[in-house]
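Novice: Take this structure first; my questions come after.
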Amino acid sequence: MKNRMVFFKRIRVLALVLLLLGVLSACGAPEESAADSARPEEEPAAGLQEDASYTDYSTQGVAFQVPADWTRAEGTDLFYATGRREVYGLNGVSPLGSYTPQEFYEALVSHYEDTNQFSDLQAAESVSAWQSADGVDCYAADLTGYQDSILYCTKLIAAPQKNLVLTFCGQANAETLGDAAPVWDQLNELCESLTFEIGTRDEITGNTFLCGDGSQLCLGDGGDFRWYSSAEDHEKPYYEGVYEVFRGQAAMDKAASLTEYGLTVEELEQVLSANMNGYIPGGSRPSDLLYAMGELEDGRERYQVCLDTFYAVILHNQRLVSSPEEVREGGNSTLYIGFYLPGLGMADLTNCNVGSNTQWTFQEKTA
């Protein structure tokens with residue numbers, strides 16, 4: 001496994017913090033004219049699905065509900081509250097990377113204090129356990145700040161298993177409001193509807209994939225598979241058998257339980273942590289360390305991975321079929337572990353039997 005580990009130098013926390021600050025600083029206060037611009041005649045925000053009183057809003061791998069009569073601020077994930085000089089919504093999104101939620105939160109608070117972002121900042125000492133509407137274990141902390149006459153309420157939510165840090169905000173005119181409690185009530189209600197859209201489903205079971213060597217793997221819904229040496233020619237001899245798919249923590253536990261491969265949960269967690277700062281498909285190379293340390297210019301595209309996109313797939317080869325009349329029984333089992341990258345429609349995996357990299361590109365649902 002050691003040759004699969006990509007050791008990236010930790011991204012500076014400050015860089016991540018700045019990602020979270022961008023919209024907040026640019027949005028500014030909900031001016032009186034901005035509040036008046038919450039015009040009911042405007043079209044609903046794109047991607048919203050209407051119901052009686054609330055709207056499901058989906059963006060950047062998460063979803064949450066806002067009142068159906070609110071108006072989205074163009075170019076942001078923020079919404080004007082109808083009839084009030086207040087703005088609410090998702091202010092920033094960043095990978096958590098290889099940091100703990102507490103480390104990230106402390107860096108954010110320190111940045112606010114060092115840059116005098118607010119004239120008055122009230123921040124919790126530490127993050128605390130919090131759970132999203134779809135049951136994802138998270139950590140959260142509240143910050144209340146004032147900048148001139150503007151009140152900023154910010155809830156930081158870190159979801160380690162999704163490799164995400166979110167900041168939700170509520171902004172209002174402090175002079176006319178007088179009390180932060182109503183803003184926090186509204187903001188907490190919005191955050192309580194949070195659900196995640198990353199790693200929420202099995203992307204492998206029941207699908208057909210084109211493998212990197214030109215072969216084709218057809219995984220049936222019933223747990224059976226066929227492996228063809230050529231996607232274009234199914235008349236050649238092929239293997240068939242049964243398979244198992246594990247995802248997330250279950251994948252790590254299963255791989256570690258197969259003692260013949262010599263893997264441990266701790267080692268797999270290190271692999272996950274090393275890749276959460278940005279995953280490069282295709283296996284690691286010695287030069288990756290130099291790229292990560294900034295000694296070589298790195299323009300390669302990285303992809304976000306998390307615990308819930310980690311897979312273990314076991315193919316139990318049972319027979320080689322040369323023709324209906326010629327079937328050779330017997331075979332071995334092969335363990336594959338790695339990440340599924342939805343943006344590429346591809347599973348980037350290590351064949352643990354031989355220690356080589358393979359890529360399965362989604363083709364279609366298996367007939």
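Convention: chains lettered A, B, ... in structure tokens order; per-chain residue numbering from 1; ligands numbered from 1 as shown.
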Check the DSSP output for the backbone and give back, as an MDAnalysis selection string, the residues of stretch 160-327 of chain A in strand (DSSP E).

Specialist: chainID A and resid 164:173 195:196 207:211 216:219 224:228 238:247 310:323 326:327

Novice: Go ahead and write the selection's residues with C-alpha atoms as an mmCIF file, in the first residue's frame.

Specialist:
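Output saved as again29.cif:
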```cif
data_model
loop_
_atom_site.group_PDB
_atom_site.id
_atom_site.type_symbol
_atom_site.label_atom_id
_atom_site.label_comp_id
_atom_site.auth_asym_id
_atom_site.auth_seq_id
_atom_site.Cartn_x
_atom_site.Cartn_y
_atom_site.Cartn_z
ATOM 1 C CA LEU A 164 -16.248 19.637 3.689
ATOM 2 C CA VAL A 165 -16.303 22.817 5.752
ATOM 3 C CA LEU A 166 -19.315 25.086 5.288
ATOM 4 C CA THR A 167 -20.074 28.544 6.589
ATOM 5 C CA PHE A 168 -23.691 29.655 6.710
ATOM 6 C CA CYS A 169 -24.380 33.284 7.485
ATOM 7 C CA GLY A 170 -27.106 35.695 8.443
ATOM 8 C CA GLN A 171 -26.595 39.432 7.901
ATOM 9 C CA ALA A 172 -28.745 42.265 9.213
ATOM 10 C CA ASN A 173 -28.660 45.926 10.181
ATOM 11 C CA THR A 195 -28.280 17.533 3.696
ATOM 12 C CA PHE A 196 -25.239 16.318 1.743
ATOM 13 C CA ASN A 207 -23.133 -0.881 -13.545
ATOM 14 C CA THR A 208 -20.957 -1.704 -16.565
ATOM 15 C CA PHE A 209 -17.442 -0.236 -16.713
ATOM 16 C CA LEU A 210 -14.746 0.057 -19.372
ATOM 17 C CA CYS A 211 -11.426 -0.825 -17.773
ATOM 18 C CA GLN A 216 -15.182 -4.615 -19.847
ATOM 19 C CA LEU A 217 -16.644 -5.408 -16.433
ATOM 20 C CA CYS A 218 -20.402 -5.970 -16.219
ATOM 21 C CA LEU A 219 -21.725 -5.961 -12.657
ATOM 22 C CA ASP A 224 -23.090 -11.586 -10.375
ATOM 23 C CA PHE A 225 -20.496 -10.297 -12.849
ATOM 24 C CA ARG A 226 -18.900 -11.006 -16.206
ATOM 25 C CA TRP A 227 -15.469 -9.813 -17.252
ATOM 26 C CA TYR A 228 -14.785 -9.616 -20.990
ATOM 27 C CA TYR A 238 -14.811 -14.556 -20.414
ATOM 28 C CA TYR A 239 -14.794 -14.870 -16.632
ATOM 29 C CA GLU A 240 -17.878 -14.853 -14.482
ATOM 30 C CA GLY A 241 -18.560 -14.995 -10.773
ATOM 31 C CA VAL A 242 -20.006 -12.968 -7.924
ATOM 32 C CA TYR A 243 -18.897 -9.696 -6.383
ATOM 33 C CA GLU A 244 -19.188 -7.612 -3.230
ATOM 34 C CA VAL A 245 -19.145 -3.802 -2.916
ATOM 35 C CA PHE A 246 -18.401 -1.892 0.294
ATOM 36 C CA ARG A 247 -18.372 1.890 0.687
ATOM 37 C CA PHE A 310 -13.914 5.264 -0.741
ATOM 38 C CA TYR A 311 -14.714 1.750 -2.020
ATOM 39 C CA ALA A 312 -13.640 -1.838 -1.582
ATOM 40 C CA VAL A 313 -14.765 -4.203 -4.355
ATOM 41 C CA ILE A 314 -14.142 -7.953 -4.275
ATOM 42 C CA LEU A 315 -14.489 -10.025 -7.446
ATOM 43 C CA HIS A 316 -14.863 -13.737 -6.767
ATOM 44 C CA ASN A 317 -13.945 -15.427 -10.059
ATOM 45 C CA GLN A 318 -15.817 -18.729 -10.267
ATOM 46 C CA ARG A 319 -15.456 -19.961 -13.829
ATOM 47 C CA LEU A 320 -13.891 -19.346 -17.236
ATOM 48 C CA VAL A 321 -16.428 -19.664 -20.050
ATOM 49 C CA SER A 322 -14.964 -20.438 -23.473
ATOM 50 C CA SER A 323 -18.295 -21.555 -24.926
ATOM 51 C CA GLU A 326 -16.683 -25.499 -22.419
ATOM 52 C CA VAL A 327 -16.748 -24.104 -18.888
#
```

Novice: So that I can see what lies close to stretch 252-258 of chain A, please list as a count of residues only the residues with an atom at most 7 Å from it, counting only C-alpha atoms and leaving out residues fewer than 6 positions away in the same chain.

Specialist: 4

Novice: For A:Pro160, which residue among A:Thr205, A:Thr358, A:Ser94, A:Thr115 is the nearest when counting only C-alpha atoms?

Specialist: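 Counting only C-alpha atoms, the residue closest to A:Pro160 is A:Ser94.
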
Novice: Quick one: residues within 9 Å of A:Ile198, only C-alpha atoms, excluding same-chain residues fewer than 4 positions away - as a PDB file with N, CA and C atoms, in the first residue's frame?

Specialist:
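Dumped everything to result-v4.pdb:
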```
ATOM      1  N   GLY A  61     -22.553  20.476  -3.622  1.00  0.00           N
ATOM      2  CA  GLY A  61     -22.530  19.230  -2.887  1.00  0.00           C
ATOM      3  C   GLY A  61     -23.390  19.167  -1.655  1.00  0.00           C
ATOM      4  N   VAL A  62     -24.195  20.210  -1.421  1.00  0.00           N
ATOM      5  CA  VAL A  62     -25.099  20.209  -0.276  1.00  0.00           C
ATOM      6  C   VAL A  62     -26.463  20.751  -0.713  1.00  0.00           C
ATOM      7  N   LYS A 162     -17.399  13.845   4.836  1.00  0.00           N
ATOM      8  CA  LYS A 162     -17.658  14.417   3.520  1.00  0.00           C
ATOM      9  C   LYS A 162     -16.503  15.295   3.044  1.00  0.00           C
ATOM     10  N   CYS A 306     -13.508  11.742  -0.239  1.00  0.00           N
ATOM     11  CA  CYS A 306     -13.858  11.700   1.172  1.00  0.00           C
ATOM     12  C   CYS A 306     -14.097  10.251   1.572  1.00  0.00           C
ATOM     13  N   ASP A 308     -16.798   8.795   2.256  1.00  0.00           N
ATOM     14  CA  ASP A 308     -17.976   8.214   1.626  1.00  0.00           C
ATOM     15  C   ASP A 308     -17.799   7.939   0.138  1.00  0.00           C
ATOM     16  N   THR A 309     -16.669   8.332  -0.447  1.00  0.00           N
ATOM     17  CA  THR A 309     -16.388   7.968  -1.837  1.00  0.00           C
ATOM     18  C   THR A 309     -15.284   6.920  -1.928  1.00  0.00           C
ATOM     19  N   PRO A 342     -17.031  11.127  -9.084  1.00  0.00           N
ATOM     20  CA  PRO A 342     -18.243  11.399  -9.866  1.00  0.00           C
ATOM     21  C   PRO A 342     -18.009  12.345 -11.032  1.00  0.00           C
TER      22      PRO A 342
END
```
